[in-house]
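This is model14.cif. It holds mmCIF, C-alpha atoms.
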```cif
data_structure
loop_
_atom_site.label_atom_id
_atom_site.label_comp_id
_atom_site.auth_asym_id
_atom_site.auth_seq_id
_atom_site.Cartn_x
_atom_site.Cartn_y
_atom_site.Cartn_z
CA MET A 1 114.64 26.80 44.04
CA ASN A 2 115.10 23.26 45.09
CA ASP A 3 111.41 22.97 45.85
CA ASP A 4 110.53 24.40 42.44
CA THR A 5 112.77 21.92 40.66
CA THR A 6 111.26 19.06 42.59
CA LEU A 7 107.79 20.32 41.81
CA SER A 8 108.44 20.71 38.09
CA GLY A 9 110.29 17.40 38.06
CA GLU A 10 107.32 15.69 39.62
CA PHE A 11 105.04 17.36 37.14
CA ILE A 12 107.16 16.15 34.19
CA ILE A 13 107.28 12.61 35.53
CA ASP A 14 103.57 12.65 36.12
CA LYS A 15 102.92 14.04 32.65
CA LYS A 16 105.14 11.43 31.02
CA THR A 17 103.97 8.45 32.94
CA SER A 18 100.31 9.14 33.42
CA PRO A 19 98.68 11.06 30.61
CA SER A 20 94.96 10.51 30.50
CA LEU A 21 93.55 8.37 27.73
CA LYS A 22 91.83 11.43 26.35
CA GLU A 23 95.16 13.28 26.07
CA GLU A 24 96.87 10.27 24.51
CA VAL A 25 94.37 9.87 21.71
CA SER A 26 93.70 13.57 21.21
CA ALA A 27 97.34 14.09 20.35
CA ILE A 28 96.89 12.08 17.16
CA PRO A 29 95.34 14.34 14.53
CA THR A 30 92.73 12.76 12.29
CA PRO A 31 90.97 14.62 9.47
CA ASP A 32 87.45 13.34 10.23
CA ALA A 33 87.59 14.05 13.93
CA THR A 34 84.69 16.15 15.24
CA PRO A 35 84.01 17.25 18.82
CA HIS A 36 81.26 14.61 19.07
CA SER A 37 83.33 11.66 17.92
CA HIS A 38 86.50 10.18 19.30
CA PRO A 39 89.57 10.67 17.05
CA ASN A 40 90.65 7.05 17.44
CA PHE A 41 87.13 5.64 17.39
CA PRO A 42 85.28 7.78 14.85
CA GLY A 43 82.05 5.71 14.90
CA ILE A 44 81.61 6.10 18.63
CA ASN A 45 79.53 8.92 19.98
CA ARG A 46 81.31 11.14 22.47
CA HIS A 47 79.87 13.34 25.22
CA THR A 48 76.34 13.59 23.80
CA LEU A 49 74.35 10.92 25.57
CA ARG A 50 70.72 10.81 24.51
CA PHE A 51 67.99 8.59 25.88
CA PHE A 52 68.33 6.28 22.86
CA SER A 53 72.15 6.14 22.87
CA SER A 54 73.62 2.64 22.93
CA LEU A 55 77.20 3.71 23.29
CA CYS A 56 78.86 6.87 24.51
CA LEU A 57 82.43 7.72 25.32
CA ASP A 58 83.03 10.18 28.18
CA PRO A 59 79.29 10.80 28.63
CA LYS A 60 78.18 14.02 30.27
CA ASN A 61 75.39 14.21 32.85
CA VAL A 62 75.59 10.61 34.03
CA SER A 63 75.94 9.59 37.62
CA ILE A 64 76.10 6.07 39.01
CA ILE A 65 75.53 4.37 42.32
CA ASN A 66 78.23 4.98 44.98
CA GLN A 67 80.13 7.34 42.70
CA ASP A 68 83.14 9.03 44.27
CA SER A 69 83.75 12.73 43.77
CA ASP A 70 86.90 12.01 41.73
CA GLU A 71 85.30 9.25 39.69
CA THR A 72 84.36 9.95 36.08
CA VAL A 73 82.41 7.74 33.70
CA HIS A 74 84.51 6.96 30.61
CA LEU A 75 82.19 4.62 28.80
CA LEU A 76 78.50 3.79 28.81
CA VAL A 77 77.16 0.87 26.80
CA ARG A 78 73.70 -0.52 26.21
CA ARG A 79 72.38 -3.16 23.84
CA HIS A 80 72.34 -2.26 20.15
CA TRP A 81 69.10 -0.58 18.99
CA VAL A 82 68.42 -3.52 16.66
CA THR A 83 67.67 -5.66 19.72
CA ASN A 84 64.58 -3.47 20.29
CA LEU A 85 63.14 -4.01 16.83
CA LEU A 86 61.17 -7.13 17.74
CA TRP A 87 59.09 -5.54 20.49
CA ILE A 88 58.65 -2.29 18.54
CA LEU A 89 57.29 -4.29 15.59
CA SER A 90 55.01 -6.35 17.83
CA VAL A 91 53.60 -3.15 19.41
CA PHE A 92 53.04 -1.70 15.93
CA VAL A 93 51.14 -4.80 14.79
CA LEU A 94 49.16 -5.08 18.04
CA SER A 95 48.10 -1.43 17.82
CA PHE A 96 46.02 -2.39 14.77
CA ALA A 97 44.43 -5.44 16.39
CA PRO A 98 41.24 -3.64 17.64
CA ILE A 99 40.41 -2.77 14.01
CA LEU A 100 40.22 -6.48 13.20
CA THR A 101 38.21 -7.45 16.30
CA PRO A 102 34.70 -6.58 14.89
CA LEU A 103 35.30 -9.09 12.10
CA PHE A 104 35.58 -11.92 14.63
CA LEU A 105 32.78 -10.64 16.87
CA HIS A 106 30.24 -11.16 14.07
CA GLU A 107 30.67 -14.88 14.70
CA PHE A 108 29.41 -14.48 18.28
CA GLU A 109 26.16 -12.58 17.89
CA PHE A 110 25.01 -13.23 21.47
CA ILE A 111 27.90 -11.09 22.78
CA LYS A 112 26.73 -7.50 23.00
CA PHE A 113 28.90 -4.65 24.28
CA SER A 114 27.65 -1.21 25.14
CA PRO A 115 29.66 1.69 23.60
CA THR A 116 31.04 2.61 27.05
CA THR A 117 32.30 -0.95 27.61
CA ILE A 118 33.99 -0.87 24.19
CA ALA A 119 35.55 2.49 25.09
CA SER A 120 36.80 1.15 28.45
CA GLY A 121 38.17 -1.98 26.79
CA LEU A 122 39.95 0.02 24.10
CA LEU A 123 41.41 2.44 26.62
CA LEU A 124 42.70 -0.43 28.75
CA TYR A 125 44.11 -2.18 25.68
CA TYR A 126 46.06 0.87 24.46
CA LEU A 127 47.19 1.70 27.99
CA ALA A 128 48.49 -1.86 28.35
CA LEU A 129 50.38 -1.43 25.07
CA PHE A 130 51.83 1.83 26.38
CA GLY A 131 52.80 0.07 29.62
CA TYR A 132 54.44 -2.70 27.64
CA CYS A 133 56.48 -0.08 25.74
CA ILE A 134 57.60 1.51 29.04
CA LEU A 135 58.52 -1.92 30.40
CA LYS A 136 60.55 -3.00 27.36
CA PHE A 137 62.23 0.40 27.09
CA ALA A 138 63.13 0.31 30.81
CA GLU A 139 64.59 -3.16 30.37
CA TRP A 140 66.81 -1.83 27.58
CA TYR A 141 67.57 1.54 29.15
CA PHE A 142 68.70 0.18 32.52
CA HIS A 143 70.56 -2.85 31.15
CA VAL A 144 73.76 -0.91 31.07
CA GLY A 145 77.51 -1.35 31.32
CA LEU A 146 79.68 1.43 32.67
CA VAL A 147 83.42 1.91 32.78
CA THR A 148 84.78 4.60 35.04
CA ASN A 149 88.35 5.54 35.93
CA LYS A 150 87.99 3.31 39.01
CA ARG A 151 85.66 0.42 38.28
CA ILE A 152 83.47 -1.47 35.87
CA VAL A 153 79.76 -1.62 36.67
CA ASP A 154 77.43 -4.08 34.98
CA VAL A 155 73.70 -3.65 35.51
CA ASP A 156 71.77 -6.67 34.24
CA LEU A 157 68.01 -6.55 34.05
CA ALA A 158 66.40 -9.90 33.28
CA ASN A 159 63.00 -8.26 33.75
CA ILE A 160 61.71 -5.25 35.63
CA LEU A 161 61.63 -7.18 38.92
CA THR A 162 65.02 -8.88 38.60
CA LYS A 163 68.10 -6.72 38.62
CA ASN A 164 71.70 -7.67 39.16
CA VAL A 165 74.32 -5.01 39.77
CA ALA A 166 77.93 -6.17 39.70
CA GLU A 167 81.08 -4.14 39.87
CA THR A 168 84.81 -4.68 39.92
CA ASP A 169 87.91 -2.58 40.26
CA ILE A 170 89.34 -1.63 36.87
CA LYS A 171 92.76 -2.78 38.13
CA GLN A 172 91.41 -6.32 38.36
CA VAL A 173 90.75 -6.59 34.63
CA GLU A 174 92.86 -9.42 33.25
CA ASP A 175 91.61 -9.91 29.73
CA VAL A 176 89.00 -8.39 27.45
CA SER A 177 87.57 -10.29 24.50
CA PHE A 178 84.56 -10.05 22.24
CA VAL A 179 82.32 -12.39 20.26
CA GLN A 180 80.24 -11.62 17.19
CA LYS A 181 77.95 -14.40 16.04
CA GLY A 182 75.64 -14.66 13.07
CA ILE A 183 74.58 -12.54 10.15
CA ILE A 184 72.61 -9.90 12.06
CA GLN A 185 75.41 -9.22 14.55
CA SER A 186 77.95 -8.92 11.72
CA LEU A 187 75.61 -6.78 9.61
CA PHE A 188 74.85 -4.27 12.37
CA ASN A 189 78.25 -4.61 14.05
CA PHE A 190 77.25 -5.64 17.54
CA GLY A 191 78.25 -8.48 19.84
CA ASN A 192 79.22 -9.53 23.33
CA VAL A 193 82.23 -8.22 25.21
CA PHE A 194 83.67 -10.43 27.95
CA ILE A 195 85.79 -8.98 30.73
CA GLN A 196 87.81 -11.44 32.74
CA THR A 197 88.85 -10.29 36.17
CA GLU A 198 91.21 -11.51 38.85
CA ALA A 199 88.27 -11.94 41.16
CA VAL A 200 86.99 -15.47 41.61
CA VAL A 201 83.38 -14.45 41.80
CA ALA A 202 82.45 -12.88 38.51
CA ASN A 203 83.45 -12.22 34.98
CA PHE A 204 81.63 -9.43 33.25
CA GLU A 205 79.66 -9.53 30.07
CA PHE A 206 78.33 -6.60 28.09
CA ASP A 207 75.88 -8.33 25.81
CA ARG A 208 74.82 -7.29 22.33
CA ILE A 209 76.59 -3.94 22.43
CA PRO A 210 77.57 -1.94 19.33
CA PHE A 211 81.20 -1.74 18.16
CA PRO A 212 82.37 -4.66 20.36
CA SER A 213 85.95 -4.64 19.06
CA GLN A 214 86.38 -0.94 19.77
CA VAL A 215 84.75 -1.26 23.20
CA ALA A 216 87.07 -4.16 24.08
CA GLU A 217 90.03 -2.03 22.98
CA ILE A 218 88.87 0.97 25.01
CA ILE A 219 88.42 -1.15 28.16
CA SER A 220 91.84 -2.74 27.66
CA GLN A 221 93.45 0.68 27.19
CA LEU A 222 91.74 2.11 30.26
CA SER A 223 92.75 -0.86 32.39
CA GLN A 224 96.31 -0.82 31.07
CA HIS A 225 96.55 2.92 31.60
CA HIS A 226 95.32 2.55 35.17
CA LYS A 227 97.81 -0.22 35.91
CA GLU A 228 100.71 1.83 34.47
CA ARG A 229 99.63 4.76 36.58
CA GLU A 230 99.61 2.59 39.69
CA VAL A 231 103.13 1.34 38.88
CA SER A 232 104.47 4.85 38.28
CA ARG A 233 102.90 6.02 41.55
CA ALA A 234 104.48 3.10 43.38
CA GLU A 235 107.88 3.91 41.84
CA LEU A 236 107.60 7.54 42.90
CA MET B 1 11.97 -23.02 32.00
CA GLN B 2 13.49 -21.35 35.03
CA ASN B 3 16.98 -22.17 33.77
CA PHE B 4 16.25 -20.39 30.48
CA ASP B 5 15.11 -17.33 32.43
CA ILE B 6 18.37 -17.24 34.36
CA ILE B 7 20.39 -17.51 31.13
CA ASN B 8 18.29 -14.76 29.53
CA GLN B 9 18.80 -12.57 32.57
CA ILE B 10 22.55 -13.10 32.48
CA LEU B 11 22.65 -12.31 28.74
CA ALA B 12 20.57 -9.19 29.32
CA GLN B 13 22.99 -8.05 32.05
CA GLN B 14 26.14 -9.20 30.25
CA ASP B 15 27.49 -5.66 29.85
CA ILE B 16 27.83 -5.32 33.64
CA PHE B 17 29.66 -8.63 33.75
CA TYR B 18 32.14 -7.45 31.06
CA LYS B 19 32.71 -4.20 32.93
CA ILE B 20 33.43 -6.06 36.17
CA VAL B 21 35.93 -8.25 34.33
CA LEU B 22 37.48 -5.12 32.79
CA LEU B 23 37.67 -3.50 36.23
CA ILE B 24 39.55 -6.50 37.62
CA PHE B 25 42.05 -6.26 34.74
CA MET B 26 42.36 -2.51 35.27
CA LEU B 27 43.10 -2.96 38.97
CA LEU B 28 45.75 -5.53 38.12
CA TYR B 29 47.17 -3.16 35.51
CA SER B 30 47.28 -0.30 38.05
CA LEU B 31 49.28 -2.53 40.37
CA PHE B 32 51.64 -3.36 37.50
CA ALA B 33 52.00 0.35 36.64
CA LEU B 34 52.82 1.12 40.27
CA ILE B 35 55.48 -1.62 40.38
CA VAL B 36 57.01 -0.30 37.13
CA TYR B 37 57.12 3.22 38.58
CA ILE B 38 58.77 2.03 41.82
CA GLN B 39 61.33 -0.03 39.93
CA ILE B 40 62.16 2.82 37.55
CA SER B 41 62.65 5.14 40.53
CA ALA B 42 64.96 2.54 42.13
CA LEU B 43 66.94 1.97 38.94
CA ILE B 44 67.42 5.70 38.38
CA LYS B 45 69.39 5.69 41.62
CA VAL B 46 71.73 3.08 40.12
CA VAL B 47 72.23 4.83 36.78
CA ASN B 48 71.09 8.41 36.51
CA GLN B 49 71.13 9.97 33.06
CA ILE B 50 70.30 13.42 34.36
CA THR B 51 68.76 14.84 31.19
CA PHE B 52 66.25 12.01 30.72
CA SER B 53 65.68 10.27 34.08
CA SER B 54 63.12 12.76 35.36
CA ILE B 55 61.20 12.61 32.05
CA PHE B 56 61.13 8.82 32.22
CA LYS B 57 59.84 8.94 35.78
CA VAL B 58 57.08 11.36 34.73
CA ILE B 59 56.08 9.03 31.85
CA ALA B 60 55.82 6.11 34.30
CA PHE B 61 53.74 8.29 36.63
CA ILE B 62 51.42 9.29 33.77
CA ASN B 63 50.88 5.56 33.19
CA ILE B 64 49.61 5.16 36.78
CA VAL B 65 47.39 8.25 36.57
CA ALA B 66 45.91 7.10 33.23
CA SER B 67 45.11 3.65 34.65
CA ILE B 68 43.32 5.24 37.64
CA LEU B 69 41.37 7.57 35.33
CA ILE B 70 40.22 4.62 33.22
CA ILE B 71 39.06 2.80 36.36
CA ILE B 72 37.05 5.87 37.39
CA TYR B 73 35.56 6.17 33.89
CA THR B 74 34.54 2.50 33.88
CA ILE B 75 32.94 2.72 37.34
CA LEU B 76 31.02 5.85 36.37
CA THR B 77 29.65 4.24 33.22
CA ILE B 78 28.32 1.11 34.95
CA SER B 79 24.51 1.27 34.69
CA ILE B 80 22.51 -1.40 36.43
#
```

Rewrite the structure of this file - the entire thing - as structure tokens.
Amino acid sequence: MNDDTTLSGEFIIDKKTSPSLKEEVSAIPTPDATPHSHPNFPGINRHTLRFFSSLCLDPKNVSIINQDSDETVHLLVRRHWVTNLLWILSVFVLSFAPILTPLFLHEFEFIKFSPTTIASGLLLYYLALFGYCILKFAEWYFHVGLVTNKRIVDVDLANILTKNVAETDIKQVEDVSFVQKGIIQSLFNFGNVFIQTEAVVANFEFDRIPFPSQVAEIISQLSQHHKEREVSRAEL
Amino acid sequence: MQNFDIINQILAQQDIFYKIVLLIFMLLYSLFALIVYIQISALIKVVNQITFSSIFKVIAFINIVASILIIIYTILTISI
């Protein structure tokens, strides 16, 4: 009997002091809430992480480096899709460049290509464009910020050969702020989120991510929640 | 007179010269495609989006295969 009381008592204390963020926000009913959007953050995609997703809350089917068995990814952020427009446009324009080439070649009549050389050149040109697309997509796809129930991971990719992976304990988060600059960032609602940590070494930056204010709030809530949980555990 | 002959010969054989230049670029591109594939494989270990990672790796591999096929095509079409 005594054991049962202790057990239920512990359960109640645990329930009261450490509800998960998901439980906290799910308790608040909102009319526009759907299973694929968060009730408190209706613009943010939840669970369904596609290859072109810039932001996903509680993503399914994602694993990260050195992930513990009890570690779950709460948030995945990438740069806003607008940041890809420039290279997509340049690829689109460049894909029409071979059509214009014969116009310039008329000026140099001594240059004569055989049809097979033209075919090889064209194949190489379009393959290089395809390779450029893969490269730029990879730079966007792997430039990712992740928030788990234990840590924050920031993968920065300056180019395909230069990667920087930094991580910090979520308990070490001191302050989260965001910056939105300029017309385009305000228009498409994206910006930089800065995460200040207790650690001397690094502060984290998720650059040009969508919904920066909401992301900053989510990270703050997760960090706060984790700290409260640590305190309640220590008290117990 | 001899100099003019050499220039004429070079101009007559210019297609081979272009193909050799193209081959050099293709070899460099194949190397680039290989590096991209290796890096993508390494980065997938850092962040693995299970539903798409394997597809992305296959796309990068197709890029290498295509570059090799173009090299073969160019070599086969060289006629001296």

Which chain B residues are at most 6 Å from chain A (counting only C-alpha atoms), as a PyMOL selection string?
-> chain B and resi 15+46-50

Mind pulling up the distance from atom CA of B:Tyr37 to atom CA of A:Asn159?
-> 13.8 Å

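Listed by chain and then by number, the residues chosen by the PyMOL selection byres ((chain B and resi 40) around 9) in this file are Ala138, Phe142 and Ile160 of chain A; Ile35, Val36, Tyr37, Ile38, Gln39, Ser41, Ala42, Leu43, Ile44, Lys45, Ser53, Phe56, Lys57 and Ala60 of chain B.
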
Next, write the just-selected residues to a file, as a tab-separated table (two decimals), in the coordinates of the input, keeping C-alpha atoms as the atom set.
```tsv
chain	number	residue	atom	x	y	z
A	138	ALA	CA	63.13	0.31	30.81
A	142	PHE	CA	68.70	0.18	32.52
A	160	ILE	CA	61.71	-5.25	35.63
B	35	ILE	CA	55.48	-1.62	40.38
B	36	VAL	CA	57.01	-0.30	37.13
B	37	TYR	CA	57.12	3.22	38.58
B	38	ILE	CA	58.77	2.03	41.82
B	39	GLN	CA	61.33	-0.03	39.93
B	41	SER	CA	62.65	5.14	40.53
B	42	ALA	CA	64.96	2.54	42.13
B	43	LEU	CA	66.94	1.97	38.94
B	44	ILE	CA	67.42	5.70	38.38
B	45	LYS	CA	69.39	5.69	41.62
B	53	SER	CA	65.68	10.27	34.08
B	56	PHE	CA	61.13	8.82	32.22
B	57	LYS	CA	59.84	8.94	35.78
B	60	ALA	CA	55.82	6.11	34.30
```

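The result of the PyMOL selection byres ((chain A and resi 174-180) around 9) on the shown file is Lys171, Gln172, Val173, Lys181, Gly182, Gln185, Ser186, Asn189, Phe190, Gly191, Asn192, Val193, Phe194, Ile195, Gln196, Thr197, Glu198, Arg208, Pro212, Ser213, Val215, Ala216, Glu217, Ile219, Ser220 and Ser223 of chain A.
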
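Residue nearest B:Leu69, chosen from B:Leu34, B:Met26, B:Ile55, B:Val21 and counting all atoms listed in the file: B:Met26.
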
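A straight line drawn from atom CA of B:Val65 to atom CA of A:Ala97 is 24.6 Å long.
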
Which residue gives the smallest distance to A:Leu187 among A:Leu76, A:Val82, A:Leu122, A:Cys56, with only C-alpha atoms counted?
-> A:Val82

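Atom CA of A:Leu94 is found 27.9 Å from atom CA of A:Asp156.
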
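Nearest residue to B:Phe61, choosing from B:Ile16, B:Leu23, B:Ala33, B:Leu28 and counting all atoms listed in the file: B:Ala33.
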
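Nearest to A:Pro98 of all the residues A:Ala234, A:Leu222, A:Leu129, A:Glu71 is A:Leu129, counting all atoms listed in the file.
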
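Of the residues under consideration (A:Asp169, A:Ile184, A:Phe96, A:Phe204), A:Ile184 shows the shortest atom-to-atom contact distance to A:His80 when counting all atoms listed in the file.
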
Enclose stretch 70-81 of chain A, meaning all of its atoms listed in the file, in a box aligned along x, y and z, pad it by 5 Å on each side, and list the centre and edge lengths in Å to one decimal, as lines of an AutoDock Vina configuration file.
```
center_x = 78.0
center_y = 4.4
center_z = 30.4
size_x = 27.8
size_y = 25.2
size_z = 32.7
```

Counting all atoms listed in the file, which residues have an atom no more than 6 Å from (31.3, 0.1, 32.8) in the file's coordinates? Please list them as a JSON list (two decimals) with C-alpha atoms, keeping the file's coordinate frame.
```json
[["chain", "number", "residue", "atom", "x", "y", "z"],
["A", 117, "THR", "CA", 32.30, -0.95, 27.61],
["B", 19, "LYS", "CA", 32.71, -4.20, 32.93],
["B", 74, "THR", "CA", 34.54, 2.50, 33.88],
["B", 75, "ILE", "CA", 32.94, 2.72, 37.34],
["B", 77, "THR", "CA", 29.65, 4.24, 33.22],
["B", 78, "ILE", "CA", 28.32, 1.11, 34.95]]
```
